[in-house]
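Next comes model25.txt, with compact mmCIF, C-alpha atoms.
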# COMPACT_ATOMS: atom_id res chain seq x y z
CA MET A 1 -84.94 78.20 56.93
CA ASP A 2 -85.33 81.95 56.48
CA SER A 3 -82.57 84.54 56.70
CA LEU A 4 -83.23 85.24 60.40
CA THR A 5 -82.78 81.58 61.25
CA TRP A 6 -79.58 81.37 59.23
CA SER A 7 -78.16 84.37 61.11
CA LEU A 8 -79.37 83.40 64.59
CA VAL A 9 -78.19 79.80 64.59
CA PRO A 10 -74.44 80.44 64.12
CA ALA A 11 -74.68 83.40 66.50
CA ALA A 12 -76.30 81.15 69.12
CA ALA A 13 -73.52 78.58 68.69
CA ALA A 14 -70.76 81.17 69.06
CA ILE A 15 -72.42 82.84 72.06
CA GLY A 16 -73.10 79.50 73.77
CA LEU A 17 -69.47 78.41 73.39
CA THR A 18 -68.05 81.74 74.60
CA HIS A 19 -70.54 82.01 77.48
CA THR A 20 -69.53 78.56 78.71
CA LEU A 21 -65.76 78.73 78.36
CA ILE A 22 -65.31 82.13 80.02
CA GLY A 23 -67.45 81.07 83.00
CA PRO A 24 -65.39 78.87 85.37
CA ASP A 25 -68.57 77.83 87.15
CA HIS A 26 -69.50 75.75 84.08
CA TYR A 27 -66.73 73.19 84.59
CA VAL A 28 -64.43 73.90 87.57
CA PRO A 29 -66.84 72.53 90.24
CA PHE A 30 -67.20 69.22 88.38
CA ILE A 31 -63.46 68.83 87.87
CA MET A 32 -62.61 69.59 91.49
CA LEU A 33 -65.34 67.44 93.03
CA ALA A 34 -64.47 64.54 90.73
CA ARG A 35 -60.85 64.76 91.80
CA ALA A 36 -61.65 65.03 95.51
CA ARG A 37 -64.35 62.36 95.61
CA GLY A 38 -62.76 59.91 93.22
CA TRP A 39 -65.63 60.00 90.72
CA SER A 40 -65.08 58.07 87.52
CA THR A 41 -64.93 60.00 84.25
CA ARG A 42 -68.28 58.52 83.23
CA LYS A 43 -69.97 59.61 86.45
CA THR A 44 -68.45 63.08 86.28
CA LEU A 45 -69.60 63.64 82.70
CA ALA A 46 -73.08 62.33 83.57
CA VAL A 47 -73.29 64.83 86.45
CA THR A 48 -72.09 67.60 84.12
CA LEU A 49 -74.69 66.69 81.50
CA ALA A 50 -77.49 66.66 84.06
CA CYS A 51 -76.50 70.03 85.54
CA GLY A 52 -75.90 71.57 82.11
CA GLY A 53 -79.27 70.43 80.83
CA ALA A 54 -81.00 71.85 83.91
CA HIS A 55 -79.03 75.09 83.52
CA VAL A 56 -80.32 75.66 79.97
CA ALA A 57 -83.83 74.31 80.55
CA ALA A 58 -84.51 76.61 83.53
CA SER A 59 -83.64 79.75 81.53
CA LEU A 60 -85.60 78.53 78.50
CA LEU A 61 -88.64 77.89 80.71
CA LEU A 62 -88.37 81.40 82.15
CA ALA A 63 -88.03 82.87 78.65
CA GLY A 64 -91.10 80.92 77.45
CA ILE A 65 -93.18 82.17 80.40
CA GLY A 66 -91.97 85.70 79.68
CA VAL A 67 -93.11 85.47 76.04
CA ALA A 68 -96.49 84.03 77.07
CA LEU A 69 -97.02 86.88 79.55
CA GLY A 70 -95.67 89.56 77.23
CA VAL A 71 -92.79 90.48 79.53
CA ALA A 72 -90.15 92.74 77.94
CA VAL A 73 -86.68 91.41 77.19
CA GLY A 74 -85.13 93.98 79.54
CA ALA A 75 -87.23 92.77 82.47
CA LEU A 76 -86.33 89.14 81.78
CA GLU A 77 -82.63 90.01 81.52
CA GLY A 78 -82.88 91.87 84.84
CA LEU A 79 -84.44 88.79 86.45
CA GLU A 80 -81.72 86.58 84.96
CA SER A 81 -79.06 88.95 86.30
CA ALA A 82 -80.56 88.70 89.79
CA ARG A 83 -80.62 84.90 89.50
CA GLY A 84 -76.99 85.04 88.41
CA SER A 85 -75.97 86.92 91.55
CA LEU A 86 -77.83 84.44 93.74
CA ALA A 87 -76.20 81.51 91.95
CA ALA A 88 -72.73 83.06 92.29
CA TRP A 89 -73.24 83.61 96.03
CA GLY A 90 -74.58 80.07 96.29
CA LEU A 91 -71.50 78.69 94.54
CA PHE A 92 -69.26 80.71 96.86
CA GLY A 93 -71.15 79.48 99.95
CA PHE A 94 -71.12 75.87 98.78
CA GLY A 95 -67.37 76.02 98.11
CA LEU A 96 -66.68 77.66 101.47
CA ALA A 97 -68.74 75.09 103.37
CA TYR A 98 -67.14 72.23 101.48
CA ALA A 99 -63.66 73.65 102.15
CA ALA A 100 -64.43 73.97 105.88
CA TRP A 101 -65.60 70.34 105.97
CA GLY A 102 -62.48 69.31 104.03
CA ILE A 103 -60.18 71.14 106.45
CA ARG A 104 -61.86 69.45 109.42
CA ARG A 105 -61.54 66.07 107.74
CA GLY A 106 -57.91 66.73 106.81
CA ILE A 107 -57.04 67.68 110.40
CA ARG A 108 -58.60 64.48 111.69
CA ARG A 109 -56.67 62.40 109.17
CA ALA A 110 -53.47 64.28 109.98
CA GLY A 111 -54.02 63.33 113.61
CA GLY A 112 -54.15 59.65 112.69
CA LEU A 113 -57.95 59.34 112.73
CA THR A 114 -59.98 58.09 109.82
CA PRO A 115 -63.77 57.94 109.51
CA HIS A 116 -65.59 54.61 109.33
CA ALA A 117 -69.30 54.02 108.90
CA HIS A 118 -71.33 51.69 111.18
CA GLY A 119 -74.74 51.70 109.57
CA GLY A 120 -75.75 55.35 109.52
CA THR A 121 -73.23 56.49 112.15
CA VAL A 122 -69.69 57.66 111.52
CA HIS A 123 -66.99 56.73 114.04
CA LEU A 124 -63.32 57.60 114.18
CA HIS A 125 -60.59 54.99 114.59
CA PRO A 126 -56.80 55.22 114.53
CA ARG A 127 -55.41 54.53 111.08
CA GLY A 128 -53.12 51.86 112.46
CA ASP A 129 -56.02 49.87 113.87
CA ARG A 130 -56.26 46.84 111.58
CA LEU A 131 -58.92 45.11 113.67
CA HIS A 132 -61.78 47.09 112.14
CA HIS A 133 -63.10 46.17 108.72
CA HIS A 134 -66.36 47.80 107.69
CA HIS A 135 -68.40 47.28 104.59
CA GLY A 136 -71.49 48.98 103.22
CA THR A 137 -72.38 52.58 102.75
CA GLY A 138 -69.63 55.09 102.18
CA VAL A 139 -69.05 58.25 104.09
CA PRO A 140 -68.56 61.73 102.69
CA GLY A 141 -65.37 61.79 100.74
CA SER A 142 -64.92 58.04 100.59
CA GLY A 143 -65.20 57.70 96.83
CA GLU A 144 -68.17 57.46 94.51
CA GLY A 145 -70.64 56.12 97.08
CA GLY A 146 -72.13 57.66 100.16
CA SER A 147 -74.62 60.34 101.07
CA GLY A 148 -71.91 63.01 100.77
CA SER A 149 -71.51 62.29 97.06
CA ALA A 150 -75.27 62.51 96.49
CA ALA A 151 -75.47 65.72 98.50
CA SER A 152 -72.69 67.25 96.38
CA PHE A 153 -74.59 66.37 93.21
CA TRP A 154 -77.91 67.81 94.39
CA ALA A 155 -76.25 70.98 95.65
CA LEU A 156 -74.62 71.51 92.25
CA PHE A 157 -77.85 70.63 90.44
CA ALA A 158 -79.81 73.21 92.45
CA LEU A 159 -77.17 75.87 91.78
CA PHE A 160 -77.30 75.20 88.04
CA VAL A 161 -81.10 75.34 88.00
CA LEU A 162 -80.81 78.70 89.74
CA GLY A 163 -77.93 79.90 87.56
CA PRO A 164 -79.03 81.77 84.42
CA CYS A 165 -78.13 81.49 80.74
CA GLU A 166 -78.45 85.24 80.20
CA PRO A 167 -77.46 85.24 76.49
CA LEU A 168 -80.27 82.79 75.73
CA ILE A 169 -82.98 85.31 76.65
CA PRO A 170 -82.68 87.74 73.68
CA LEU A 171 -81.84 84.89 71.29
CA PHE A 172 -85.17 83.24 72.08
CA VAL A 173 -87.47 86.05 73.17
CA LEU A 174 -86.89 88.55 70.36
CA PRO A 175 -87.98 86.25 67.48
CA ALA A 176 -90.58 84.43 69.62
CA SER A 177 -92.29 87.69 70.60
CA GLN A 178 -92.76 88.38 66.87
CA GLY A 179 -94.29 84.95 66.34
CA ARG A 180 -91.19 83.65 64.56
CA TRP A 181 -90.99 80.36 66.41
CA LEU A 182 -88.67 78.51 64.02
CA PRO A 183 -85.74 80.94 64.49
CA ALA A 184 -86.47 81.10 68.23
CA ALA A 185 -86.52 77.31 68.60
CA GLY A 186 -83.46 76.87 66.37
CA ALA A 187 -81.43 79.42 68.32
CA ALA A 188 -82.47 77.94 71.67
CA ALA A 189 -81.69 74.37 70.57
CA VAL A 190 -78.26 75.23 69.16
CA PHE A 191 -77.37 77.39 72.17
CA GLY A 192 -78.38 74.59 74.55
CA VAL A 193 -76.55 71.82 72.72
CA VAL A 194 -73.36 73.87 72.34
CA THR A 195 -73.46 75.01 75.98
CA VAL A 196 -73.87 71.49 77.40
CA ALA A 197 -71.31 70.06 74.95
CA ALA A 198 -68.80 72.77 75.88
CA MET A 199 -69.36 72.13 79.61
CA THR A 200 -68.82 68.41 79.12
CA GLY A 201 -65.79 68.90 76.87
CA ALA A 202 -64.12 71.39 79.22
CA THR A 203 -64.75 69.09 82.19
CA TRP A 204 -63.29 66.11 80.33
CA LEU A 205 -60.20 68.11 79.33
CA GLY A 206 -59.77 69.26 82.95
CA LEU A 207 -59.98 65.70 84.20
CA ARG A 208 -57.41 64.59 81.63
CA GLY A 209 -55.11 67.44 82.60
CA LEU A 210 -55.24 66.62 86.31
CA ALA A 211 -55.04 62.84 85.88
CA PRO A 212 -51.21 62.61 85.77
CA LEU A 213 -50.86 64.59 89.01
CA ARG A 214 -50.23 62.37 92.02
CA LEU A 215 -49.88 64.72 94.97
CA ALA A 216 -49.73 62.17 97.79
CA ARG A 217 -48.77 64.73 100.41
CA LEU A 218 -51.87 66.79 99.63
CA ALA A 219 -54.24 63.82 99.37
CA ARG A 220 -55.88 64.41 102.73
CA TRP A 221 -56.51 68.08 101.80
CA GLU A 222 -58.11 67.37 98.40
CA HIS A 223 -61.61 68.17 99.67
CA ALA A 224 -60.45 71.44 101.22
CA LEU A 225 -58.65 72.41 98.01
CA ALA A 226 -61.71 71.51 95.93
CA GLY A 227 -63.95 73.66 98.10
CA GLY A 228 -61.49 76.55 97.96
CA VAL A 229 -61.29 76.47 94.17
CA ILE A 230 -65.09 76.27 93.87
CA ALA A 231 -65.44 79.23 96.23
CA LEU A 232 -62.93 81.18 94.11
CA SER A 233 -65.06 80.41 91.04
CA GLY A 234 -67.98 82.07 92.80
CA VAL A 235 -65.78 85.06 93.65
CA ALA A 236 -64.74 85.35 89.99
CA LEU A 237 -68.40 85.45 88.94
CA LEU A 238 -69.22 88.11 91.52
CA THR A 239 -66.24 90.35 90.86
CA LEU A 240 -65.62 89.89 87.13
CA GLY A 241 -69.23 89.41 86.03
CA LEU A 242 -68.37 86.30 84.00
Taking this structure as input, can you express it in the form of C-alpha cells?
Amino acid sequence: MDSLTWSLVPAAAAIGLTHTLIGPDHYVPFIMLARARGWSTRKTLAVTLACGGAHVAASLLLAGIGVALGVAVGALEGLESARGSLAAWGLFGFGLAYAAWGIRRGIRRAGGLTPHAHGGTVHLHPRGDRLHHHHGTGVPGSGEGGSGSAASFWALFALFVLGPCEPLIPLFVLPASQGRWLPAAGAAAVFGVVTVAAMTGATWLGLRGLAPLRLARLARWEHALAGGVIALSGVALLTLGL
C-alpha cells in the first residue's frame, strides 16, 4: 500500500467510529424497537446489520455514480446533506406515528381490552375473558411475529437507505477521481466495516443495559415510549446536525 492508503485507512476507521457513535439514529431505533416488540438479541442485531449495510452501500453507490459522471465533491456532499435532512424528518415522522399507535394501544389495554387476531382481522376482547384462545399470526406489538414487526423493519430499512454517510464521500471520491482506486476502495471498506460494527456494538450494549430493567407498570406504554425516543432522535439530528 502507498502512503495515501496508509493515511486514509486509519482516518476512515476513526471517522466511521465517531460518525456512528455521535449519531443516535444509528442505534437508538433498534434498541427501542427491540425492547418494545420483544425481539431477540439475534434478531435485533440482524436487523441492525441489514440496515447498516444498506446505509453504507447507498452512499457508496451515490459516490461511485458521482465519480463516473465527474460530479464535484461539493455537489455530492450537498446532495448527501439534503438526503440527511429527509432521513431525519423521516425518522421523526416514523417515531411520532409509532408513538401515536403505542398510545392508542396503551389506552385500550388500560381499559381492559387486548387485541387478538382472527385470521387477518384484529378484534378486541376483555383481558379477563379466558374463553378465547387464538393461535397463528401475531398482531403489531405482540412479539417477534406479525405484520407490525415486518413493517417496522422495512420502515427502518428505507430510512437507512435514504440516510447518508456524509464522511464517506470525500474519503472515496477524492482518491477515486484521481484514479487512485486502491486508497479509495480501502477507505470505503474500512469506513463501512467500522460503521456497521459500531452500530451493532452500540445496539448490543444498549440491549444489555436495558435488559435488567423490569418496568411492569410501564409495560403497556413501551411502544409509545419507543416511538417517542425515536422521534427525539430525529429531532436531535435536525437541531444538532449530528
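Note that atom CA of Gly53 of chain A and atom CA of Ala176 of chain A are 21.2 Å apart.
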- Which is closer to Ala12 of chain A than all the others in A:Leu232, A:Leu238, A:Leu76, A:Val193, using all atoms listed in the file?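 The answer is A:Val193, which sits nearest to Ala12 of chain A.
Proximity ranking of A:Gly90, A:Gly64, A:Gly201, A:Gly70 relative to Thr44 of chain A places A:Gly201 first, based on only C-alpha atoms.
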- Message: List as a PyMOL selection string the protein and nucleic acid residues near segment 167-173 of chain A, meaning an atom at most 6 Å away when all atoms listed in the file are counted, but skip any in the same chain fewer than 5 places from it.
- Response: chain A and resi 63+184+188
- Message: Measuring between all atoms listed in the file, which one of A:Ala151, A:Ala187, A:Val194, A:Ile22 shows the shortest distance to Arg37 of chain A?
- Response: A:Ala151
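Minimum distance to Val71 of chain A across A:Arg83, A:Gly23, A:Gly38, A:Ser177 (counting all atoms listed in the file) occurs at A:Ser177.
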- Task: Have a look at atom CA of Met32 of chain A and atom CA of Thr195 of chain A and let me know their distance in Å, one decimal.
- Result: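 Answer for the atom CA of Met32 of chain A to atom CA of Thr195 of chain A separation: 19.7 Å.
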- Shortest contact to His26 of chain A, candidates A:Gly93, A:Gly206, A:Pro175, A:Gly52, atoms counted all atoms listed in the file, goes to A:Gly52
